[in-house]
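Working notes, beginning with the structure itself.
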Amino acid sequence: MSAGLHVDWTACAGRGVCVELLPELLERDPWGYPMPRGGPVVPDELEPHARRAVALCPRMALHLRPS
Amino acid sequence: MTSTIAHPVVAGGVEGPTARPLLGAAAADLAEHRRISGPIPWRDGPGRLVADVQDAGLTGRGGAGFPTWRKLAAMATGADPVLVANAAEGEPASAKDATLLTRCPHLVLDGVQLAAEATGAGSAYLYAKPGPAADAARFALAQRRAQAWDRVPVAVVEAPLTFLAGEESAVVAATEGRRAVPRDKARPVYRSGVRGRPTLVQNVETLAHLAQIARYGARWFRRTGTQDEPGTLLATITGAVTAPGVYELPHGLPLSAALELAGGADAPVQAVLVGGYHGGWLPMATARHAPLSREGLRPYGCAPGAGVIMALPRSACGLRAAAGIVGYLAGQSARQCGPCRNGLPAMAASLGRLAGSPGPDQPAALRRLADLVDGRGACHHPDGTARFVRSSLLAFEAEVGLHLHGRCSASPR
Amino acid sequence: MSTGLSSEALWYLGRGTGVVALVLLTVTVGLGVATGAGRPLPALPRSAVVLVHRNASLLAVSFLAVHVGSLLFDPYAQLRVVDLVLPFGGAYRPLWLGLGTAALDLILAIVVTSLARHRLGLRAWRAVHWLTYAAWPLAVLHAVGTGSDAGSLWLRVVAAGCVLTVAMSLAWRHQQSTAAARPARSEVAA
């Protein structure tokens, strides 16, 4: 997973809210789970969007970790 | 005892060129163990053993091969740490931990005591599958209790018979009384493990080696093995060999010599699986003399892992064997993580088709699946399975070609 | 007779806000059920569903506050503060009122734990959130049973609409999960 973005896979249910809010960083795999797209780091300009995705994840499965 | 034994006693094959420091020190009971190996060489203080373990260059024997002194040192700064000796041995092709516990339980338990002393742990657990090995351990613990041999109490925790039972966070969960499945790694186990306390999870073979290093010293340990990977390892040698079983061999021993230890091949061998179901295949044509060490196997994209060596005869279809293994691994998913729960059965089905009459896109589809699941789970089950799949596609490339043309080397058509 | 608003005005305010709260709770539950489905609702992106679900629930609580407040001040309703936490002890239609009390208490627990969910952790939050499936039916029953006879047909139509909405949401989710059980073969295998 993107350094910075960490997915708690035991909680993730593939709801797809994070992929919608961070389309530059994430895409969905064939089963609906988030996959990193391209580079591993969350660019500074996307950090507010990343925080929003972390707050809105229905399963609290997304976390922002300092890389 | 406050220091290592200055002149190691040659006892039961512990010394010499065919040294078996672990299996050679096997003892039926505590009295025999005392005769062969002497009492526990306590260091009377935390941390002192760590320097010896560092000099000895001991690495973990549970599969990951992490430097043991580092794990001990990381723990020594923790408050109220916990030690868990891991004998879960979820790998079906491995029997070394069970053998070690049955034949040398006191070596393992001495290692538990010494590691507990070195890290300041006040409580220790032995995590073992139900069976003769766990019974032998319980019997040994009872003898040690009766003779006040141990300083730290050891409780036996039952491990389930699953592949993932021995995964570090699953071990912690089971010790807490929960279901033995991996957890999300929010904090490393050596900082926050069993009930939030710093926890050292160590394979039982590593602990047995640690006990011997404490007795005979780092230089003694380095007399076998290689410069970077000293010492011996316990290997479970099975498949197309005359005498399958658990053998103790030095790091760096060529694969062919290891097979000779097990009585030699009983049929022409096409490839050998090393490391276990998350490991890789060594084709006999190119890797017959590959040294069994991390450095020696690196050019072949493999690692010794938990010492599994499984010889596949030429009469078998490599793809069918691989498909069987991936099918098993898919069934052993803890089913917590979407990519693993979905991706592993898909890989098993794909490899199953490859082992039958596949369409031309099947190998590429299988590779795509392996890339999809790699690194996407709470534990390394999907990564290990993907590694095995890629290794199978490489080792049995010729077989894949045959199958794509409707043939198979194992069945004449 | 209370100063300011007349008793009758308070009564209508209480009823009106109660109905609005019920509709908002229905929207909340309907969207909450839909987030568990595999595919998003048409025309509403997933993140919007999450936000509207949250905002509708908070708005519902606001309307509930006015609903309860106005009825507390209306002497005709004979509502006491203790009736807000202890069900079935009320003077006016105690059974139906008690259902409302239960619903209110559950909703407050659900909303408070949801606002603090990142601190509570997934398991604790989920355990309380399941109570939604008890709270919402209680609210519907309370609405149907406690409303006065005048205009009860209108109220029953609204209640039926609420039940239909949640039923459709559940059906949508069920349909999605049975479709998901058959994986998209074309995507994952040759």
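Ordered as shown in the structure tokens, chains take letters A, B, and onward, while each chain numbers its residues from 1 and ligands are numbered from 1 in the order shown.
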Write out as an MDAnalysis selection string each polymer residue whose atoms come within 6 Å of range 372-379 of chain B, counting only C-alpha atoms; drop sequence neighbours fewer than 3 positions from it.
(chainID A and resid 9) or (chainID B and resid 184 337 339 369 382:383)
Just C-alpha atoms for this one: save the residues we selected as a tab-separated table (two decimals), in the first residue's frame.
chain	number	residue	atom	x	y	z
A	9	TRP	CA	-7.05	-5.43	5.38
B	184	ASP	CA	-3.24	-5.74	11.24
B	337	CYS	CA	-8.67	-9.87	3.83
B	339	PRO	CA	-7.49	-9.84	-1.87
B	369	LEU	CA	-3.50	-12.81	-10.26
B	382	PRO	CA	-0.84	-13.87	-0.26
B	383	ASP	CA	2.78	-12.80	-0.93
For range 384-389 of chain B: contacts at 6 Å, only C-alpha atoms, fewer than 6 positions along chain excluded, given as a PyMOL selection string:
chain B and resi 278-280+370
Generate the output file for the selected residues, C-alpha atoms, as a compact mmCIF listing (two decimals), in the first residue's frame.
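Output (result-v2.txt):
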# COMPACT_ATOMS: atom_id res chain seq x y z
CA HIS B 278 5.73 -20.31 0.49
CA GLY B 279 9.13 -21.21 -0.91
CA GLY B 280 10.40 -22.04 -4.36
CA ALA B 370 -0.18 -13.31 -8.50
DSSP on the backbone: which residues in range 134-271 of chain B end up as helix (DSSP H, G or I)? Give the answer as an MDAnalysis selection string.
chainID B and resid 134:146 163:166 168:175 194:196 204:216 218:221 255:261
Just-selected residues, N, CA and C atoms written as a short mmCIF file (atom, residue, chain, number, x, y, z; two decimals), in the first residue's frame:
data_model
loop_
_atom_site.label_atom_id
_atom_site.label_comp_id
_atom_site.auth_asym_id
_atom_site.auth_seq_id
_atom_site.Cartn_x
_atom_site.Cartn_y
_atom_site.Cartn_z
N ALA B 134 3.68 -31.88 22.04
CA ALA B 134 3.18 -31.07 23.15
C ALA B 134 3.19 -31.89 24.44
N ASP B 135 2.85 -33.18 24.33
CA ASP B 135 2.87 -34.03 25.52
C ASP B 135 4.28 -34.15 26.07
N ALA B 136 5.25 -34.33 25.16
CA ALA B 136 6.65 -34.43 25.61
C ALA B 136 7.07 -33.15 26.31
N ALA B 137 6.62 -32.02 25.77
CA ALA B 137 6.97 -30.74 26.38
C ALA B 137 6.34 -30.62 27.77
N ARG B 138 5.08 -31.03 27.89
CA ARG B 138 4.41 -30.94 29.19
C ARG B 138 5.11 -31.82 30.22
N PHE B 139 5.48 -33.02 29.78
CA PHE B 139 6.19 -33.94 30.67
C PHE B 139 7.51 -33.32 31.12
N ALA B 140 8.25 -32.76 30.17
CA ALA B 140 9.52 -32.13 30.50
C ALA B 140 9.32 -30.97 31.47
N LEU B 141 8.28 -30.17 31.24
CA LEU B 141 8.01 -29.03 32.13
C LEU B 141 7.69 -29.51 33.54
N ALA B 142 6.96 -30.61 33.62
CA ALA B 142 6.61 -31.13 34.94
C ALA B 142 7.86 -31.56 35.69
N GLN B 143 8.79 -32.21 34.98
CA GLN B 143 10.06 -32.62 35.62
C GLN B 143 10.85 -31.40 36.08
N ARG B 144 10.88 -30.37 35.25
CA ARG B 144 11.65 -29.19 35.60
C ARG B 144 11.04 -28.46 36.79
N ARG B 145 9.69 -28.48 36.85
CA ARG B 145 9.03 -27.84 37.99
C ARG B 145 9.39 -28.58 39.26
N ALA B 146 9.37 -29.94 39.15
CA ALA B 146 9.64 -30.75 40.34
C ALA B 146 11.05 -30.51 40.87
N PHE B 163 -2.41 -23.60 8.78
CA PHE B 163 -1.17 -23.13 8.17
C PHE B 163 -0.72 -21.83 8.79
N LEU B 164 -1.68 -20.95 9.09
CA LEU B 164 -1.33 -19.61 9.59
C LEU B 164 -1.19 -19.54 11.11
N ALA B 165 -1.32 -20.70 11.78
CA ALA B 165 -1.28 -20.68 13.25
C ALA B 165 0.04 -20.12 13.77
N GLY B 166 1.14 -20.32 13.01
CA GLY B 166 2.45 -19.90 13.49
C GLY B 166 2.83 -18.48 13.10
N GLU B 168 3.26 -14.64 13.35
CA GLU B 168 3.58 -13.94 14.59
C GLU B 168 2.36 -13.32 15.29
N SER B 169 1.54 -12.55 14.57
CA SER B 169 0.41 -11.90 15.22
C SER B 169 -0.69 -12.91 15.57
N ALA B 170 -0.74 -14.01 14.81
CA ALA B 170 -1.69 -15.07 15.17
C ALA B 170 -1.26 -15.74 16.47
N VAL B 171 0.05 -15.89 16.65
CA VAL B 171 0.58 -16.46 17.89
C VAL B 171 0.18 -15.58 19.07
N VAL B 172 0.34 -14.26 18.89
CA VAL B 172 -0.02 -13.32 19.96
C VAL B 172 -1.51 -13.44 20.27
N ALA B 173 -2.34 -13.49 19.23
CA ALA B 173 -3.78 -13.58 19.43
C ALA B 173 -4.14 -14.85 20.20
N ALA B 174 -3.54 -15.98 19.79
CA ALA B 174 -3.84 -17.24 20.46
C ALA B 174 -3.40 -17.21 21.92
N THR B 175 -2.26 -16.59 22.20
CA THR B 175 -1.78 -16.51 23.57
C THR B 175 -2.72 -15.68 24.43
N VAL B 194 1.29 -9.49 23.31
CA VAL B 194 0.31 -10.12 24.18
C VAL B 194 -0.19 -9.11 25.22
N ARG B 195 -1.48 -8.79 25.13
CA ARG B 195 -2.10 -7.82 26.04
C ARG B 195 -1.31 -6.51 26.10
N GLY B 196 -0.83 -6.06 24.97
CA GLY B 196 -0.16 -4.78 24.88
C GLY B 196 1.28 -4.76 25.36
N VAL B 204 11.05 -22.50 18.16
CA VAL B 204 11.68 -23.36 19.18
C VAL B 204 13.08 -23.81 18.79
N GLU B 205 13.33 -23.98 17.48
CA GLU B 205 14.67 -24.39 17.08
C GLU B 205 15.68 -23.28 17.38
N THR B 206 15.28 -22.04 17.13
CA THR B 206 16.16 -20.92 17.44
C THR B 206 16.51 -20.91 18.92
N LEU B 207 15.51 -21.17 19.76
CA LEU B 207 15.75 -21.17 21.21
C LEU B 207 16.69 -22.30 21.61
N ALA B 208 16.56 -23.45 20.95
CA ALA B 208 17.46 -24.57 21.25
C ALA B 208 18.91 -24.20 20.89
N HIS B 209 19.08 -23.57 19.72
CA HIS B 209 20.43 -23.12 19.34
C HIS B 209 20.96 -22.12 20.34
N LEU B 210 20.08 -21.23 20.79
CA LEU B 210 20.48 -20.21 21.76
C LEU B 210 21.00 -20.86 23.04
N ALA B 211 20.34 -21.93 23.47
CA ALA B 211 20.79 -22.62 24.69
C ALA B 211 22.18 -23.22 24.49
N GLN B 212 22.44 -23.76 23.32
CA GLN B 212 23.75 -24.35 23.06
C GLN B 212 24.83 -23.29 22.94
N ILE B 213 24.48 -22.15 22.35
CA ILE B 213 25.45 -21.05 22.26
C ILE B 213 25.82 -20.58 23.66
N ALA B 214 24.82 -20.53 24.53
CA ALA B 214 25.08 -20.11 25.90
C ALA B 214 26.02 -21.09 26.61
N ARG B 215 25.92 -22.36 26.24
CA ARG B 215 26.76 -23.38 26.88
C ARG B 215 28.17 -23.38 26.31
N TYR B 216 28.27 -23.38 24.98
CA TYR B 216 29.56 -23.67 24.35
C TYR B 216 30.19 -22.45 23.68
N ALA B 218 30.11 -18.61 21.23
CA ALA B 218 29.88 -18.16 19.86
C ALA B 218 30.86 -18.81 18.89
N ARG B 219 32.13 -18.96 19.33
CA ARG B 219 33.14 -19.52 18.41
C ARG B 219 32.81 -20.96 18.07
N TRP B 220 32.34 -21.68 19.06
CA TRP B 220 31.93 -23.07 18.83
C TRP B 220 30.81 -23.13 17.80
N PHE B 221 29.85 -22.25 17.93
CA PHE B 221 28.71 -22.23 17.03
C PHE B 221 29.16 -21.97 15.60
N LEU B 255 22.61 -29.08 -1.97
CA LEU B 255 21.32 -29.79 -2.01
C LEU B 255 21.52 -31.29 -2.21
N SER B 256 22.43 -31.66 -3.13
CA SER B 256 22.65 -33.07 -3.41
C SER B 256 23.11 -33.82 -2.15
N ALA B 257 23.96 -33.18 -1.35
CA ALA B 257 24.43 -33.82 -0.12
C ALA B 257 23.28 -33.98 0.87
N ALA B 258 22.38 -32.99 0.91
CA ALA B 258 21.24 -33.10 1.81
C ALA B 258 20.37 -34.29 1.41
N LEU B 259 20.17 -34.47 0.10
CA LEU B 259 19.35 -35.59 -0.35
C LEU B 259 20.05 -36.92 -0.02
N GLU B 260 21.38 -36.92 -0.07
CA GLU B 260 22.13 -38.13 0.30
C GLU B 260 21.93 -38.47 1.77
N LEU B 261 21.87 -37.43 2.61
CA LEU B 261 21.62 -37.64 4.04
C LEU B 261 20.34 -38.45 4.25
#
Can you work out which one of C:Gly145, C:Ala171, C:Arg39, C:Leu22 has the shortest atom-to-atom distance to Val61 in chain C, counting only C-alpha atoms?
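Looking at the shortest contact to Val61 in chain C, the residue is C:Leu22.
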Show me a table, sorted first by chain and then by increasing residue number, of the residues of chain A having an atom at most 10 Å from chain C, each with its shortest atom pair and the distance in Å to one decimal, counting only C-alpha atoms and written as a tab-separated table.
residue	atom	partner	partner_atom	distance
A:Ala11	CA	C:Leu122	CA	8.0
A:Ala13	CA	C:Gly36	CA	8.7
A:Gly14	CA	C:Gly38	CA	8.0
A:Arg15	CA	C:Gly38	CA	6.9
A:Gly16	CA	C:Arg46	CA	7.0
A:Val17	CA	C:Ser47	CA	5.2
A:Cys18	CA	C:Ser47	CA	8.0
A:Val19	CA	C:Ser47	CA	9.5
A:Glu20	CA	C:Ser47	CA	7.0
A:Leu21	CA	C:Ser47	CA	7.2
A:Asp29	CA	C:Glu187	CA	9.4
A:Pro30	CA	C:Glu187	CA	6.2
A:Trp31	CA	C:Pro183	CA	7.7
A:Gly32	CA	C:Gly38	CA	8.0
A:Arg52	CA	C:Ser47	CA	9.8
A:Ala53	CA	C:Ser47	CA	8.5
A:Val54	CA	C:His118	CA	9.9
A:Ala55	CA	C:His118	CA	8.2
A:Leu56	CA	C:Val50	CA	6.9
A:Cys57	CA	C:Val50	CA	8.4
A:Pro58	CA	C:Val50	CA	7.4
A:Arg59	CA	C:Leu122	CA	6.7
A:Met60	CA	C:Leu122	CA	6.7
A:Ala61	CA	C:Leu122	CA	8.7
How about saving the chosen residues, N, CA and C atoms kept, as a CSV table (one decimal), in the first residue's frame?
chain,number,residue,atom,x,y,z
A,11,ALA,N,-10.1,-5.1,8.2
A,11,ALA,CA,-11.3,-4.3,8.3
A,11,ALA,C,-11.9,-3.9,7.0
A,13,ALA,N,-13.7,-3.7,3.6
A,13,ALA,CA,-14.7,-4.5,2.9
A,13,ALA,C,-14.9,-4.1,1.5
A,14,GLY,N,-14.0,-3.4,0.9
A,14,GLY,CA,-14.1,-3.0,-0.5
A,14,GLY,C,-15.3,-2.1,-0.8
A,15,ARG,N,-15.6,-1.2,0.2
A,15,ARG,CA,-16.7,-0.3,0.0
A,15,ARG,C,-16.5,0.7,-1.1
A,16,GLY,N,-15.2,1.1,-1.3
A,16,GLY,CA,-14.8,1.9,-2.4
A,16,GLY,C,-14.9,3.4,-2.2
A,17,VAL,N,-15.1,3.9,-1.0
A,17,VAL,CA,-15.2,5.3,-0.7
A,17,VAL,C,-13.9,5.9,-0.9
A,18,CYS,N,-12.8,5.3,-0.5
A,18,CYS,CA,-11.4,5.8,-0.6
A,18,CYS,C,-11.0,6.0,-2.0
A,19,VAL,N,-11.4,5.0,-2.8
A,19,VAL,CA,-11.0,5.0,-4.3
A,19,VAL,C,-11.7,6.2,-5.0
A,20,GLU,N,-12.9,6.5,-4.6
A,20,GLU,CA,-13.6,7.6,-5.1
A,20,GLU,C,-13.0,8.9,-4.8
A,21,LEU,N,-12.5,9.0,-3.5
A,21,LEU,CA,-12.0,10.3,-3.0
A,21,LEU,C,-10.5,10.5,-3.4
A,29,ASP,N,-9.5,-3.2,-7.4
A,29,ASP,CA,-9.1,-4.5,-8.0
A,29,ASP,C,-10.4,-5.2,-8.5
A,30,PRO,N,-10.3,-6.4,-9.2
A,30,PRO,CA,-11.5,-7.0,-9.7
A,30,PRO,C,-12.6,-7.3,-8.6
A,31,TRP,N,-12.1,-7.4,-7.3
A,31,TRP,CA,-13.1,-7.7,-6.3
A,31,TRP,C,-13.5,-6.5,-5.5
A,32,GLY,N,-13.1,-5.3,-5.9
A,32,GLY,CA,-13.6,-4.1,-5.3
A,32,GLY,C,-12.6,-3.5,-4.2
A,52,ARG,N,-9.6,13.1,4.4
A,52,ARG,CA,-11.0,13.0,4.3
A,52,ARG,C,-11.4,11.5,4.0
A,53,ALA,N,-10.6,10.9,3.2
A,53,ALA,CA,-10.9,9.4,2.9
A,53,ALA,C,-10.8,8.6,4.2
A,54,VAL,N,-9.7,8.9,5.0
A,54,VAL,CA,-9.5,8.2,6.2
A,54,VAL,C,-10.7,8.4,7.2
A,55,ALA,N,-11.3,9.7,7.2
A,55,ALA,CA,-12.4,10.0,8.1
A,55,ALA,C,-13.7,9.3,7.7
A,56,LEU,N,-13.9,9.2,6.3
A,56,LEU,CA,-15.1,8.7,5.8
A,56,LEU,C,-15.2,7.2,5.6
A,57,CYS,N,-14.1,6.5,5.6
A,57,CYS,CA,-14.1,5.1,5.4
A,57,CYS,C,-15.1,4.4,6.3
A,58,PRO,N,-16.2,3.7,5.8
A,58,PRO,CA,-17.2,3.2,6.7
A,58,PRO,C,-16.7,2.1,7.6
A,59,ARG,N,-15.5,1.6,7.3
A,59,ARG,CA,-15.0,0.5,8.2
A,59,ARG,C,-13.8,1.0,9.0
A,60,MET,N,-13.4,2.3,8.9
A,60,MET,CA,-12.2,2.8,9.5
A,60,MET,C,-11.0,1.9,9.2
A,61,ALA,N,-11.0,1.5,7.9
A,61,ALA,CA,-9.9,0.6,7.5
A,61,ALA,C,-8.7,1.4,6.9
Can you tell me how far CA of Gln176 in chain C sits from CA of Val163 in chain C, in Å to one decimal?
20.0 Å
Cut-off 7 Å: closest chain B/chain C atom pairs per residue, using only C-alpha atoms, as a tab-separated table:
residue	atom	partner	partner_atom	distance
B:Ser350	CA	C:Ala189	CA	6.8
B:Asp361	CA	C:Ala190	CA	5.8
B:Gln362	CA	C:Ala190	CA	5.6
B:Ala365	CA	C:Ala189	CA	5.8
Tell me which protein, DNA and RNA residues are within 12 Å of Trp149 in chain B, counting only C-alpha atoms, leaving out same-chain ones fewer than 4 positions away, and put them as a ChimeraX atom specification.
/B:30-31,33-34,38-42,106,109-110,113-114,140-145,153-154
May I have the residues within 12 Å of Met168 in chain C as a short mmCIF file (atom, residue, chain, number, x, y, z; two decimals) with N, CA and C atoms, in the first residue's frame, using only C-alpha atoms and disregarding those fewer than 4 positions away in the same chain?
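Ended up saving to part-v8.cif:
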data_model
loop_
_atom_site.label_atom_id
_atom_site.label_comp_id
_atom_site.auth_asym_id
_atom_site.auth_seq_id
_atom_site.Cartn_x
_atom_site.Cartn_y
_atom_site.Cartn_z
N THR C 26 -35.46 7.43 8.29
CA THR C 26 -35.65 6.46 7.21
C THR C 26 -34.60 6.65 6.13
N VAL C 27 -34.36 7.91 5.77
CA VAL C 27 -33.31 8.20 4.78
C VAL C 27 -31.97 7.69 5.31
N VAL C 29 -31.32 5.27 7.53
CA VAL C 29 -31.25 3.81 7.53
C VAL C 29 -31.14 3.29 6.10
N GLY C 30 -31.95 3.85 5.20
CA GLY C 30 -31.90 3.42 3.81
C GLY C 30 -30.52 3.57 3.21
N LEU C 31 -29.88 4.70 3.46
CA LEU C 31 -28.53 4.92 2.92
C LEU C 31 -27.51 4.05 3.63
N VAL C 33 -27.98 1.09 4.89
CA VAL C 33 -28.10 -0.25 4.32
C VAL C 33 -27.43 -0.29 2.95
N ALA C 34 -27.63 0.77 2.17
CA ALA C 34 -27.09 0.77 0.81
C ALA C 34 -25.57 0.82 0.78
N LEU C 41 -25.32 3.28 -5.31
CA LEU C 41 -26.65 3.67 -5.80
C LEU C 41 -26.47 4.48 -7.07
N GLY C 161 -44.66 4.63 3.48
CA GLY C 161 -43.60 5.05 2.58
C GLY C 161 -42.23 4.79 3.18
N CYS C 162 -42.11 5.04 4.48
CA CYS C 162 -40.83 4.80 5.16
C CYS C 162 -40.49 3.31 5.13
N VAL C 163 -41.48 2.50 5.44
CA VAL C 163 -41.22 1.05 5.47
C VAL C 163 -40.84 0.56 4.07
N LEU C 164 -41.54 1.08 3.07
CA LEU C 164 -41.24 0.69 1.69
C LEU C 164 -39.81 1.08 1.31
N TRP C 172 -32.22 -4.19 -2.37
CA TRP C 172 -31.10 -3.79 -3.22
C TRP C 172 -29.80 -4.40 -2.71
N ARG C 173 -29.62 -4.31 -1.39
CA ARG C 173 -28.39 -4.84 -0.81
C ARG C 173 -28.31 -6.35 -0.96
N HIS C 174 -29.45 -7.00 -0.74
CA HIS C 174 -29.46 -8.46 -0.87
C HIS C 174 -29.16 -8.87 -2.30
N GLN C 175 -29.74 -8.15 -3.23
CA GLN C 175 -29.52 -8.47 -4.63
C GLN C 175 -28.05 -8.28 -5.00
#
